[in-house]
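*Asks:* mmCIF, C-alpha atoms and all ligand atoms, file input.cif:
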```
data_my_file
#
loop_
_atom_site.label_atom_id
_atom_site.label_comp_id
_atom_site.auth_asym_id
_atom_site.auth_seq_id
_atom_site.Cartn_x
_atom_site.Cartn_y
_atom_site.Cartn_z
CA MET B 160 114.79 23.01 85.11
CA ILE B 161 117.34 21.73 87.60
CA PHE B 162 116.82 24.85 89.64
CA GLN B 163 113.09 24.40 89.79
CA GLN B 164 113.86 21.30 91.83
CA THR B 165 116.69 22.92 93.78
CA LEU B 166 114.43 25.81 94.70
CA HIS B 167 111.41 23.72 95.75
CA VAL B 168 109.17 26.38 94.26
CA GLU B 169 105.90 25.08 95.71
CA GLN B 170 107.46 25.11 99.16
CA LEU B 171 108.78 28.64 98.65
CA LYS B 172 105.38 29.73 97.39
CA SER B 173 103.80 28.53 100.62
CA ASP B 174 105.98 31.05 102.48
CA PHE B 175 103.83 33.80 100.91
CA PRO B 176 100.38 33.77 102.58
CA ILE B 177 98.79 36.09 100.01
CA LEU B 178 99.50 33.66 97.16
CA ALA B 179 97.14 31.03 98.58
CA GLN B 180 94.01 33.06 97.79
CA GLN B 181 91.51 32.86 94.99
CA VAL B 182 90.60 35.81 92.79
CA HIS B 183 87.25 35.69 90.95
CA GLY B 184 87.05 32.05 92.03
CA LYS B 185 90.42 31.18 90.44
CA PRO B 186 93.75 30.57 92.20
CA LEU B 187 95.76 33.80 92.17
CA VAL B 188 98.60 33.86 89.63
CA TYR B 189 100.63 36.90 90.60
CA LEU B 190 102.70 38.18 87.67
CA ASP B 191 103.20 41.82 88.66
CA ASN B 192 106.42 41.42 90.59
CA GLY B 193 108.04 44.33 88.75
CA ALA B 194 105.50 46.64 90.38
CA THR B 195 105.92 45.06 93.81
CA THR B 196 106.64 41.59 95.11
CA GLN B 197 104.61 39.71 97.69
CA LYS B 198 105.98 39.34 101.21
CA PRO B 199 107.03 36.11 102.89
CA ARG B 200 105.60 35.31 106.32
CA ARG B 201 109.03 35.95 107.81
CA VAL B 202 108.96 39.63 106.74
CA ILE B 203 105.41 40.18 107.98
CA GLU B 204 106.21 38.52 111.30
CA ALA B 205 109.45 40.47 111.81
CA MET B 206 107.53 43.74 111.44
CA ASN B 207 104.77 42.50 113.75
CA THR B 208 107.31 41.49 116.38
CA TYR B 209 108.90 44.93 116.20
CA TYR B 210 105.56 46.62 116.92
CA HIS B 211 104.55 44.03 119.53
CA GLU B 212 107.81 43.89 121.41
CA TYR B 213 110.35 46.68 120.86
CA ASN B 214 108.80 49.68 119.13
CA ALA B 215 110.77 52.81 120.07
CA ASN B 216 112.57 55.61 118.28
CA VAL B 217 116.17 54.99 117.22
CA HIS B 218 119.37 56.88 118.11
CA ARG B 219 117.48 58.86 120.76
CA GLY B 220 116.62 56.85 123.87
CA LEU B 221 118.96 55.28 126.41
CA TYR B 222 116.35 52.82 127.61
CA ASN B 223 116.16 49.17 126.69
CA LEU B 224 113.47 49.36 124.00
CA SER B 225 115.23 52.15 122.15
CA ALA B 226 118.52 50.25 122.32
CA GLN B 227 116.81 47.19 120.80
CA ALA B 228 115.19 49.24 118.04
CA THR B 229 118.48 51.02 117.31
CA HIS B 230 120.32 47.72 117.17
CA ALA B 231 117.75 46.25 114.72
CA TYR B 232 117.79 49.40 112.58
CA GLU B 233 121.59 49.43 112.35
CA GLU B 234 121.70 45.68 111.82
CA SER B 235 119.47 46.18 108.79
CA HIS B 236 122.02 48.59 107.28
CA ARG B 237 124.72 46.01 107.93
CA LYS B 238 122.72 43.26 106.19
CA VAL B 239 122.00 45.44 103.16
CA ALA B 240 125.69 46.38 102.95
CA GLU B 241 126.73 42.74 103.00
CA PHE B 242 124.04 41.81 100.45
CA ILE B 243 125.41 44.26 97.86
CA GLY B 244 129.11 44.14 98.77
CA ALA B 245 129.25 47.62 100.33
CA SER B 246 130.37 48.87 103.71
CA PHE B 247 128.01 50.01 106.48
CA GLU B 248 128.69 53.75 106.08
CA GLU B 249 127.84 53.55 102.39
CA VAL B 250 124.24 52.36 102.83
CA ILE B 251 121.62 55.07 103.22
CA PHE B 252 117.99 54.23 103.81
CA THR B 253 115.47 56.21 101.77
CA LYS B 254 111.80 55.70 100.92
CA GLY B 255 112.67 53.85 97.72
CA THR B 256 114.47 54.08 94.40
CA THR B 257 112.63 57.27 93.50
CA GLU B 258 113.78 59.07 96.62
CA SER B 259 117.32 57.72 96.23
CA LEU B 260 117.53 59.17 92.71
CA ASN B 261 116.00 62.48 93.82
CA LEU B 262 118.57 62.67 96.62
CA LEU B 263 121.32 62.31 94.04
CA ALA B 264 119.81 64.84 91.65
CA TYR B 265 119.56 67.35 94.49
CA SER B 266 122.87 66.70 96.15
CA LEU B 267 125.08 66.15 93.11
CA GLY B 268 123.20 68.90 91.32
CA ASN B 269 124.68 71.44 93.72
CA THR B 270 128.11 70.80 92.20
CA LEU B 271 127.12 71.13 88.50
CA GLN B 272 127.60 74.14 86.22
CA PRO B 273 125.55 75.40 83.25
CA GLY B 274 126.44 73.41 80.13
CA ASP B 275 127.40 70.27 82.08
CA GLU B 276 125.90 67.12 80.59
CA ILE B 277 123.97 64.22 82.09
CA VAL B 278 123.64 61.00 80.09
CA LEU B 279 120.74 58.58 80.56
CA THR B 280 119.38 55.83 78.28
CA GLN B 281 116.22 55.70 76.20
CA LEU B 282 114.65 52.99 78.37
CA GLU B 283 114.67 54.74 81.74
CA HIS B 284 111.82 54.74 84.22
CA HIS B 285 110.38 58.21 84.91
CA SER B 286 112.17 58.28 88.26
CA ASN B 287 115.52 58.23 86.44
CA ILE B 288 114.45 60.95 84.00
CA VAL B 289 112.27 63.53 85.72
CA PRO B 290 114.61 64.42 88.64
CA TRP B 291 117.42 65.04 86.10
CA GLN B 292 115.12 67.04 83.82
CA GLN B 293 114.13 69.28 86.71
CA LEU B 294 117.77 69.69 87.70
CA ALA B 295 118.73 70.46 84.10
CA LYS B 296 116.05 73.16 83.97
CA ARG B 297 117.24 74.74 87.23
CA LYS B 298 120.93 74.69 86.37
CA GLY B 299 121.04 74.96 82.57
CA LEU B 300 122.37 71.43 82.05
CA VAL B 301 122.14 69.28 78.91
CA LEU B 302 120.45 65.84 78.97
CA LYS B 303 121.48 63.18 76.47
CA TYR B 304 120.13 59.67 75.94
CA ILE B 305 122.06 56.57 74.92
CA LYS B 306 120.14 54.85 72.11
CA LEU B 307 118.89 51.29 72.05
CA THR B 308 120.03 48.91 69.32
CA PRO B 309 117.33 47.42 67.04
CA ASP B 310 117.36 44.31 69.25
CA PHE B 311 116.69 46.39 72.39
CA HIS B 312 120.17 46.39 73.93
CA ILE B 313 121.98 49.48 75.19
CA ASP B 314 124.05 50.77 72.26
CA LEU B 315 127.57 50.89 73.71
CA ALA B 316 129.01 52.46 70.56
CA HIS B 317 126.55 55.34 70.95
CA ALA B 318 127.42 55.56 74.65
CA ARG B 319 131.10 55.98 73.68
CA GLU B 320 130.09 58.74 71.28
CA ILE B 321 127.96 60.84 73.63
CA VAL B 322 129.80 60.39 76.93
CA THR B 323 132.56 62.99 76.78
CA PRO B 324 134.56 65.08 79.26
CA ARG B 325 131.53 67.42 79.35
CA THR B 326 129.51 64.56 80.91
CA LYS B 327 129.31 64.77 84.70
CA ILE B 328 126.79 62.01 85.38
CA VAL B 329 125.79 58.80 83.61
CA SER B 330 122.70 57.18 85.14
CA VAL B 331 121.14 53.95 83.84
CA ALA B 332 118.63 51.28 84.78
CA HIS B 333 120.43 48.00 85.46
CA ALA B 334 117.36 46.04 84.29
CA SER B 335 114.54 47.62 82.28
CA ASN B 336 111.09 47.36 83.86
CA VAL B 337 109.57 47.25 80.36
CA LEU B 338 111.95 45.41 78.02
CA GLY B 339 113.92 43.25 80.43
CA THR B 340 117.12 44.63 78.88
CA ILE B 341 120.12 44.18 81.18
CA ALA B 342 122.50 47.13 80.88
CA PRO B 343 126.21 46.35 80.48
CA VAL B 344 126.94 48.22 83.69
CA LYS B 345 130.62 47.37 84.01
CA GLU B 346 131.37 48.70 80.51
CA LEU B 347 129.23 51.78 81.13
CA ALA B 348 131.06 52.42 84.42
CA ARG B 349 134.34 52.32 82.53
CA ILE B 350 133.08 54.69 79.83
CA ALA B 351 131.77 57.13 82.45
CA HIS B 352 134.94 57.02 84.55
CA ASP B 353 137.25 57.35 81.54
CA ASN B 354 135.52 60.67 80.92
CA GLY B 355 135.59 61.78 84.56
CA ALA B 356 131.82 61.29 85.05
CA LEU B 357 130.01 59.70 87.98
CA PHE B 358 128.16 56.46 87.27
CA ILE B 359 124.76 55.79 88.85
CA VAL B 360 122.81 52.54 88.61
CA ASP B 361 119.05 52.28 89.11
CA GLY B 362 118.90 48.76 90.49
CA ALA B 363 115.14 48.66 91.22
CA GLN B 364 114.61 45.77 88.81
CA SER B 365 117.94 43.98 89.22
CA VAL B 366 118.47 43.56 92.97
CA PRO B 367 115.51 41.15 93.39
CA HIS B 368 116.71 38.94 90.54
CA MET B 369 120.50 38.55 90.57
CA PRO B 370 123.46 38.72 92.93
CA ILE B 371 124.73 42.30 93.12
CA ASN B 372 128.19 43.49 94.03
CA VAL B 373 128.55 47.25 93.77
CA ARG B 374 132.34 47.08 93.91
CA GLU B 375 132.48 44.65 90.99
CA ILE B 376 130.21 46.94 88.96
CA ASP B 377 132.34 49.87 90.11
CA CYS B 378 129.31 52.17 90.18
CA ASP B 379 129.53 55.32 92.25
CA PHE B 380 125.90 55.09 93.38
CA PHE B 381 123.30 52.33 93.30
CA ALA B 382 119.59 52.79 94.10
CA PHE B 383 116.88 50.23 94.85
CA SER B 384 113.56 49.62 96.60
CA GLY B 385 112.72 47.23 99.46
CA HIS B 386 109.22 46.44 98.23
CA LYS B 387 110.42 44.97 94.94
CA MET B 388 112.70 42.53 96.78
CA TYR B 389 110.12 40.91 99.07
CA GLY B 390 110.45 43.61 101.75
CA PRO B 391 107.95 46.26 102.80
CA THR B 392 106.98 49.46 101.00
CA GLY B 393 108.36 52.73 102.36
CA ILE B 394 112.00 51.71 102.46
CA GLY B 395 114.71 51.80 99.85
CA VAL B 396 118.44 52.14 99.60
CA LEU B 397 121.02 54.46 98.19
CA TYR B 398 124.53 53.04 98.09
CA GLY B 399 127.30 55.56 97.48
CA LYS B 400 131.08 55.34 97.53
CA ARG B 401 132.15 56.64 100.89
CA HIS B 402 134.52 59.38 99.68
CA LEU B 403 131.74 60.76 97.45
CA LEU B 404 129.06 60.70 100.15
CA GLU B 405 131.46 62.47 102.50
CA ARG B 406 131.79 65.37 100.06
CA MET B 407 128.07 65.65 99.25
CA ASP B 408 125.51 67.96 100.85
CA PRO B 409 122.68 66.33 102.80
CA PHE B 410 119.33 66.17 101.01
CA LEU B 411 116.97 66.55 103.98
CA PHE B 412 117.74 68.51 107.14
CA GLY B 413 116.52 68.01 110.72
CA GLY B 414 116.92 65.54 113.57
CA ASP B 415 119.51 62.74 113.60
CA MET B 416 121.46 64.00 110.57
CA ILE B 417 123.29 66.64 112.63
CA ARG B 418 126.32 66.56 114.90
CA GLU B 419 125.87 70.04 116.39
CA VAL B 420 123.26 72.72 115.89
CA HIS B 421 123.83 76.37 116.81
CA PHE B 422 121.51 79.32 116.24
CA THR B 423 123.69 80.35 113.33
CA HIS B 424 124.94 77.12 111.78
CA SER B 425 125.03 73.32 112.04
CA THR B 426 127.41 70.45 111.36
CA TRP B 427 126.54 67.02 110.01
CA ASN B 428 126.52 63.56 111.56
CA ASP B 429 128.73 60.70 110.34
CA LEU B 430 127.72 58.52 107.41
CA PRO B 431 125.21 57.12 106.79
CA TRP B 432 123.11 59.18 109.25
CA LYS B 433 124.07 62.45 107.56
CA PHE B 434 121.58 61.48 104.85
CA GLU B 435 118.82 60.11 107.12
CA ALA B 436 117.00 63.09 108.62
CA GLY B 437 114.09 62.62 111.01
CA THR B 438 112.58 59.47 112.46
CA PRO B 439 113.24 56.75 109.89
CA ASN B 440 111.01 53.86 108.80
CA ILE B 441 112.14 51.52 111.55
CA ALA B 442 109.60 48.71 111.11
CA GLU B 443 110.31 48.78 107.39
CA ALA B 444 114.05 48.50 108.00
CA VAL B 445 113.34 45.46 110.20
CA GLY B 446 111.20 44.02 107.40
CA LEU B 447 113.90 44.68 104.81
CA ALA B 448 116.47 42.85 106.95
CA ALA B 449 114.09 39.88 107.15
CA ALA B 450 113.65 39.96 103.35
CA ILE B 451 117.41 39.87 102.91
CA ASP B 452 117.70 36.93 105.30
CA TYR B 453 114.99 35.20 103.29
CA LEU B 454 116.64 35.88 99.91
CA THR B 455 120.02 34.85 101.24
CA GLY B 456 118.45 31.59 102.42
CA VAL B 457 117.00 30.95 98.95
CA GLY B 458 120.28 32.00 97.33
CA MET B 459 120.45 34.79 94.72
CA ARG B 460 122.38 32.58 92.30
CA HIS B 461 119.54 30.04 92.45
CA VAL B 462 116.96 32.81 92.01
CA GLN B 463 118.80 34.08 88.94
CA GLU B 464 119.15 30.69 87.30
CA TYR B 465 115.61 29.57 88.02
CA GLU B 466 114.15 32.82 86.72
CA ALA B 467 116.33 32.70 83.59
CA ASP B 468 114.86 29.30 82.79
CA LEU B 469 111.29 30.44 83.54
CA THR B 470 111.72 33.64 81.50
CA ALA B 471 113.02 31.70 78.49
CA TYR B 472 110.01 29.39 78.75
CA ALA B 473 107.59 32.34 79.02
CA HIS B 474 109.26 34.14 76.12
CA GLN B 475 108.96 31.11 73.88
CA LYS B 476 105.37 30.37 74.98
CA LEU B 477 104.08 33.92 74.51
CA SER B 478 105.93 34.39 71.20
CA SER B 479 104.24 31.25 69.85
CA LEU B 480 100.74 32.75 70.32
CA LYS B 481 99.12 34.37 67.30
CA GLY B 482 98.71 38.14 67.41
CA ILE B 483 101.23 38.56 70.26
CA THR B 484 104.41 40.63 69.95
CA VAL B 485 106.88 40.22 72.79
CA LEU B 486 109.16 43.23 73.15
CA GLY B 487 112.75 43.22 74.35
CA PRO B 488 115.91 41.21 73.75
CA LYS B 489 115.59 37.58 72.73
CA GLY B 490 118.49 36.03 74.63
CA ALA B 491 119.69 36.72 78.18
CA ARG B 492 117.35 39.22 79.77
CA GLY B 493 115.55 40.18 82.96
CA SER B 494 112.40 38.38 84.02
CA VAL B 495 110.00 40.99 82.65
CA LEU B 496 107.93 40.22 79.56
CA SER B 497 106.10 43.08 77.88
CA PHE B 498 103.86 42.28 74.99
CA THR B 499 101.13 43.69 72.82
CA ILE B 500 98.05 41.78 71.68
CA ASP B 501 96.71 42.73 68.24
CA GLY B 502 93.27 44.30 68.59
CA ILE B 503 93.20 44.42 72.42
CA HIS B 504 94.18 47.46 74.50
CA PRO B 505 96.57 46.55 77.36
CA HIS B 506 94.05 47.83 79.95
CA ASP B 507 91.30 45.61 78.52
CA ALA B 508 93.70 42.68 78.38
CA SER B 509 94.73 43.04 82.02
CA THR B 510 91.09 43.35 83.10
CA LEU B 511 90.21 40.12 81.26
CA LEU B 512 93.28 38.34 82.63
CA ASP B 513 92.27 39.40 86.14
CA ARG B 514 88.99 37.54 85.66
CA GLU B 515 91.11 34.40 85.27
CA GLY B 516 92.92 35.18 88.53
CA ILE B 517 96.00 36.49 86.71
CA ALA B 518 97.54 39.76 87.93
CA VAL B 519 99.58 41.56 85.27
CA ARG B 520 100.21 45.25 84.64
CA GLY B 521 98.89 47.02 81.56
CA GLY B 522 99.96 50.52 80.56
CA HIS B 523 103.07 52.62 80.00
CA HIS B 524 104.91 51.30 83.07
CA CYS B 525 106.20 54.78 83.96
CA ALA B 526 108.35 54.77 80.83
CA MET B 527 106.44 57.08 78.48
CA PRO B 528 109.48 58.22 76.45
CA LEU B 529 110.31 54.57 75.71
CA MET B 530 106.69 53.89 74.71
CA GLY B 531 106.87 56.84 72.31
CA LEU B 532 110.08 55.44 70.84
CA LEU B 533 108.43 52.05 70.35
CA GLY B 534 105.43 53.74 68.73
CA ILE B 535 102.93 52.35 71.24
CA THR B 536 101.01 53.73 74.21
CA GLY B 537 101.39 50.71 76.44
CA THR B 538 101.96 46.99 76.83
CA VAL B 539 100.74 44.12 78.93
CA ARG B 540 103.54 43.12 81.25
CA ALA B 541 104.12 39.84 83.07
CA SER B 542 106.98 40.22 85.53
CA LEU B 543 108.17 37.01 87.16
CA SER B 544 109.46 35.88 90.52
CA PHE B 545 111.03 32.67 91.80
CA TYR B 546 107.61 31.74 93.19
CA ASN B 547 106.13 31.59 89.69
CA THR B 548 105.99 28.31 87.82
CA HIS B 549 105.73 26.98 84.29
CA GLU B 550 102.09 26.27 85.12
CA ASP B 551 101.55 29.99 85.83
CA ILE B 552 102.87 30.78 82.35
CA ASP B 553 100.61 28.15 80.78
CA LYS B 554 97.62 29.72 82.57
CA LEU B 555 98.67 33.16 81.29
CA ALA B 556 98.84 31.84 77.72
CA ALA B 557 95.44 30.15 78.03
CA ALA B 558 93.89 33.34 79.47
CA ILE B 559 95.31 35.41 76.59
CA ILE B 560 93.72 33.03 74.07
CA LYS B 561 90.41 33.35 75.97
CA ALA B 562 90.68 37.16 75.88
CA GLN B 563 91.32 37.01 72.13
CA GLU B 564 88.15 34.92 71.76
CA VAL B 565 86.15 37.47 73.76
CA PHE B 566 87.42 40.23 71.47
CA GLY B 567 87.08 38.09 68.38
CA VAL B 568 90.66 38.78 67.30
N1 LIG B 601 108.70 50.42 88.67
C1 LIG B 601 106.89 49.08 87.76
O1 LIG B 601 105.77 48.57 87.80
P1 LIG B 601 109.86 53.04 93.42
O2 LIG B 601 108.47 53.34 92.95
O3 LIG B 601 110.58 54.26 93.93
O4 LIG B 601 109.93 51.88 94.35
O5 LIG B 601 110.67 52.53 92.12
C2 LIG B 601 110.76 53.34 90.99
C3 LIG B 601 111.40 52.61 89.87
C4 LIG B 601 112.64 53.02 89.44
N2 LIG B 601 113.30 52.37 88.46
C5 LIG B 601 112.77 51.30 87.84
C6 LIG B 601 113.54 50.62 86.77
C7 LIG B 601 111.50 50.85 88.22
O6 LIG B 601 110.99 49.80 87.61
C8 LIG B 601 110.80 51.52 89.25
C9 LIG B 601 109.41 51.10 89.64
C10 LIG B 601 107.38 49.86 88.96
O7 LIG B 601 107.63 48.96 86.80
C11 LIG B 601 106.38 50.89 89.39
S1 LIG B 601 106.15 52.15 88.20
#
```
Mind converting the file's structure to structure tokens?
*Replies:*
Amino acid sequence: MIFQQTLHVEQLKSDFPILAQQVHGKPLVYLDNGATTQKPRRVIEAMNTYYHEYNANVHRGLYNLSAQATHAYEESHRKVAEFIGASFEEVIFTKGTTESLNLLAYSLGNTLQPGDEIVLTQLEHHSNIVPWQQLAKRKGLVLKYIKLTPDFHIDLAHAREIVTPRTKIVSVAHASNVLGTIAPVKELARIAHDNGALFIVDGAQSVPHMPINVREIDCDFFAFSGHKMYGPTGIGVLYGKRHLLERMDPFLFGGDMIREVHFTHSTWNDLPWKFEAGTPNIAEAVGLAAAIDYLTGVGMRHVQEYEADLTAYAHQKLSSLKGITVLGPKGARGSVLSFTIDGIHPHDASTLLDREGIAVRGGHHCAMPLMGLLGITGTVRASLSFYNTHEDIDKLAAAIIKAQEVFGV
């Protein structure tokens, strides 16, 4: 509660032009922040200014505009590095979490041998399953999954059992986009490293909600998306420990990632450019830097504490409704609330909620194996941001009751 005041939520909300609109004649209540967050004016304006005033390609021109664009592009890497406690060379820009994980599956995959094992968890998003499955098929690798406990936590005892010296990679979601489970990443890093495996964190759902320090986690790689942290779509990040990135093969080949090209062979540029082939998403990098400035201004510690309070309130409120089952851990958790409503399909529920101006996601949330494990085909999911309020949650609860009346359940 204290942090609601500290954060001045209504004031913060007014930084997001899109949130002022009405949907079906009702004020928009945006609760699909796990899919993508809205953008503050500052991000939109930074990208506009880039196109209005200094659009040029980077690392190629010696003229003033190109120097400005290059400076802004590199500055964005610097800001990301500082935001997650990494160094400049260790921050690679990609299209998003999905591309970051595919880069790893491709590049690390080159070093794996048939029979090597990759360990994931049962709650992963498809983008932290499918690239590894494809790699496993190509190279004859074995995939294993760390189980969840009955109360939806990562089962560390099972992790200790299945991570062995045969394991080469352990890759886990820091925060589940379905259950809100927060993975014990420091312990998992230790388990992976004790067995000589690399440890990868999918931070798509954690970076927007808590302070992150990759060195404290001691992960080898960390992937996330700009658009889920108030930045634009089309840009994401792969952090990697420098000595590992230096040894890895590039993922994409072409301009900017090379040092020298001959008719017969080529050599690679320094980090991080070795992994950034072709003209990058420059405007998006400028937007991401603005998002980081914005988040830093709000304060990630404040974001985390405010959202923890709001999530606890939402959990309690939704759990108190009849016919609603909220999935996921009960205590400390991420700000994602998945639930089922007896007698109403998640797609129908989200359509009815939309009529009340409430945007939530209904479906499998790109986590079909987890849905199968839970014995359901989908959930309704409200995923929160610091611009959401207790009033938003009350409106969600009232709209659910209205939907239940429509369905007569
Ligand atoms: N989850 C959701 O609504 P991209 O699409 O590359 O920016 O992020 C992929 C991704 C990877 N890991 C996790 C844990 C995620 O939640 C996501 C994206 C969105 O839950 C879209 S499916």
*Asks:* Kindly compile the residues surrounding ligand LIG 601 (chain B) within 6 Å, counting all atoms listed in the file, and format them as a list in words.
*Replies:*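 Selection of residues at most 6 Å from ligand LIG 601 (chain B): Gly193, Ala194, Gly255, Thr256, Thr257, His284, Ser286, Ala332, Ser335, Asn336, Asp361, Ala363, Gln364, Ser384, His524 and Cys525 of chain B.
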*Asks:* Kindly extract all protein, DNA and RNA residues lying within 9 Å of the coordinates (133.2, 62.1, 85.3) given in the file, considering all atoms listed in the file, and supply them as a list in words.
*Replies:*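 Returned residue set, sorted by chain then number, is Thr323, Pro324, Arg325, Thr326, Lys327, Ile328, Val329, Ala351, His352, Asp353, Asn354, Gly355, Ala356, Leu357 and Phe358 of chain B.
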*Asks:* Quick one: everything within 10 Å of Asn287 (chain B), counting only C-alpha atoms, minus sequence neighbours fewer than 6 positions away in the same chain. Send it as an mmCIF file with C-alpha atoms, in the frame of the given file.
*Replies:*
```
data_model
loop_
_atom_site.group_PDB
_atom_site.id
_atom_site.type_symbol
_atom_site.label_atom_id
_atom_site.label_comp_id
_atom_site.auth_asym_id
_atom_site.auth_seq_id
_atom_site.Cartn_x
_atom_site.Cartn_y
_atom_site.Cartn_z
ATOM 1 C CA THR B 256 114.470 54.080 94.400
ATOM 2 C CA THR B 257 112.630 57.270 93.500
ATOM 3 C CA SER B 259 117.320 57.720 96.230
ATOM 4 C CA LEU B 260 117.530 59.170 92.710
ATOM 5 C CA ASN B 261 116.000 62.480 93.820
ATOM 6 C CA ALA B 264 119.810 64.840 91.650
ATOM 7 C CA LEU B 279 120.740 58.580 80.560
ATOM 8 C CA THR B 280 119.380 55.830 78.280
ATOM 9 C CA SER B 330 122.700 57.180 85.140
ATOM 10 C CA VAL B 331 121.140 53.950 83.840
ATOM 11 C CA ALA B 332 118.630 51.280 84.780
ATOM 12 C CA ILE B 359 124.760 55.790 88.850
ATOM 13 C CA VAL B 360 122.810 52.540 88.610
ATOM 14 C CA ASP B 361 119.050 52.280 89.110
ATOM 15 C CA ALA B 526 108.350 54.770 80.830
#
```
*Asks:* Residues of region 226-245 of chain B that approach region 435-449 of chain B to 10 Å or less, counting all atoms listed in the file: could you list each one with the shortest pair of atoms and its distance in Å to one decimal, rows by chain and increasing residue number, as a tab-separated table?
*Replies:*
```
residue	atom	partner	partner_atom	distance
B:Ala228	CA	B:Ile441	CA	7.5
B:Thr229	CA	B:Ile441	CA	8.6
B:Ala231	CA	B:Val445	CA	6.4
B:Tyr232	CA	B:Ala444	CA	6.0
B:Glu233	CA	B:Ala444	CA	8.8
B:Glu234	CA	B:Ala448	CA	7.7
B:Ser235	CA	B:Ala448	CA	4.8
B:His236	CA	B:Ala448	CA	8.0
B:Arg237	CA	B:Ala448	CA	8.9
B:Lys238	CA	B:Ala448	CA	6.3
B:Val239	CA	B:Ala448	CA	7.2
```
*Asks:* Counting all atoms listed in the file, what is within 10 Å of Ile552 (chain B), bar same-chain residues fewer than 6 positions away, as an NGL selection string?
*Replies:* :B and (188 or 190 or 469-470 or 472-474 or 476-477 or 517 or 541 or 543 or 558)
*Asks:* If you count all atoms listed in the file, which residues fall within 10 Å of Glu466 (chain B), apart from same-chain ones fewer than 4 positions away, as a PyMOL selection string?
*Replies:* chain B and resi 160+162-163+368-369+460-462+470-472+492-494+543-548
*Asks:* Considering all atoms listed in the file, tabulate each residue of region 387-483 of chain B that lies at most 12 Å from region 372-383 of chain B along with its nearest interatomic pair and the corresponding distance in Å to one decimal; arrange the rows by chain and ascending residue number and present them as a Markdown table.
*Replies:*
```
| residue | atom | partner | partner_atom | distance |
| --- | --- | --- | --- | --- |
| B:Lys387 | CA | B:Phe383 | CA | 8.3 |
| B:Met388 | CA | B:Phe383 | CA | 9.0 |
| B:Gly390 | CA | B:Phe383 | CA | 11.5 |
| B:Thr392 | CA | B:Phe383 | CA | 11.7 |
| B:Gly393 | CA | B:Phe383 | CA | 11.6 |
| B:Ile394 | CA | B:Phe383 | CA | 9.2 |
| B:Gly395 | CA | B:Phe383 | CA | 5.7 |
| B:Val396 | CA | B:Phe383 | CA | 5.4 |
| B:Leu397 | CA | B:Ala382 | CA | 4.6 |
| B:Tyr398 | CA | B:Phe381 | CA | 5.0 |
| B:Gly399 | CA | B:Phe380 | CA | 4.4 |
| B:Lys400 | CA | B:Asp379 | CA | 5.5 |
| B:Arg401 | CA | B:Asp379 | CA | 9.1 |
| B:His402 | CA | B:Asp379 | CA | 9.8 |
| B:Leu403 | CA | B:Asp379 | CA | 7.8 |
| B:Leu404 | CA | B:Phe380 | CA | 9.3 |
| B:Leu447 | CA | B:Phe383 | CA | 11.8 |
| B:Met459 | CA | B:Asn372 | CA | 11.7 |
```
*Asks:* Sorted by chain and rising residue number, which residues of region 438-535 of chain B lie within 10 Å of region 303-308 of chain B, and what are their closest atom pairs and distances in Å to one decimal, counting all atoms listed in the file, as a Markdown table?
*Replies:*
```
| residue | atom | partner | partner_atom | distance |
| --- | --- | --- | --- | --- |
| B:Pro488 | CA | B:Thr308 | CA | 9.8 |
| B:Leu529 | CA | B:Leu307 | CA | 9.9 |
| B:Leu532 | CA | B:Leu307 | CA | 9.8 |
```
*Asks:* When you draw a straight line from CA of Ala348 (chain B) to CA of Lys298 (chain B), how long is it in Å?
*Replies:*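 We find that CA of Ala348 (chain B) and CA of Lys298 (chain B) lie 24.5 Å from each other.
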*Asks:* What lies within 10 Å of Pro528 (chain B) using all atoms listed in the file, ignoring chain neighbours under 2 positions off, as a list of chain:residue names?
*Replies:*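 Contacts, with the query itself left out: B:Gln281, B:Leu282, B:Glu283, B:His284, B:His285, B:Ile288, B:His523, B:Cys525, B:Ala526, B:Met530, B:Gly531, B:Leu532, B:Leu533, B:Gly534, B:Thr536.
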*Asks:* Once you have the residues from the selection above, write them out as a PDB file, keeping the file's coordinate frame, restricted to C-alpha atoms.
*Replies:*
```
ATOM      1  CA  GLN B 281     116.220  55.700  76.200  1.00  0.00           C
ATOM      2  CA  LEU B 282     114.650  52.990  78.370  1.00  0.00           C
ATOM      3  CA  GLU B 283     114.670  54.740  81.740  1.00  0.00           C
ATOM      4  CA  HIS B 284     111.820  54.740  84.220  1.00  0.00           C
ATOM      5  CA  HIS B 285     110.380  58.210  84.910  1.00  0.00           C
ATOM      6  CA  ILE B 288     114.450  60.950  84.000  1.00  0.00           C
ATOM      7  CA  HIS B 523     103.070  52.620  80.000  1.00  0.00           C
ATOM      8  CA  CYS B 525     106.200  54.780  83.960  1.00  0.00           C
ATOM      9  CA  ALA B 526     108.350  54.770  80.830  1.00  0.00           C
ATOM     10  CA  MET B 530     106.690  53.890  74.710  1.00  0.00           C
ATOM     11  CA  GLY B 531     106.870  56.840  72.310  1.00  0.00           C
ATOM     12  CA  LEU B 532     110.080  55.440  70.840  1.00  0.00           C
ATOM     13  CA  LEU B 533     108.430  52.050  70.350  1.00  0.00           C
ATOM     14  CA  GLY B 534     105.430  53.740  68.730  1.00  0.00           C
ATOM     15  CA  THR B 536     101.010  53.730  74.210  1.00  0.00           C
TER      16      THR B 536
END
```
*Asks:* Kindly indicate which residue among B:Asp507, B:Leu262, B:Ala562, B:Trp432 lies nearest to Phe247 (chain B), using all atoms listed in the file for the distances.
*Replies:*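 Once distances to Phe247 (chain B) are computed over all atoms listed in the file, the minimum belongs to B:Trp432.
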*Asks:* Taking all atoms listed in the file into account, name the residue in B:Pro186, B:Leu480, B:Gly487, B:Ala342 that is nearest to Lys561 (chain B).
*Replies:*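 Using all atoms listed in the file, the shortest distance to Lys561 (chain B) belongs to B:Leu480.
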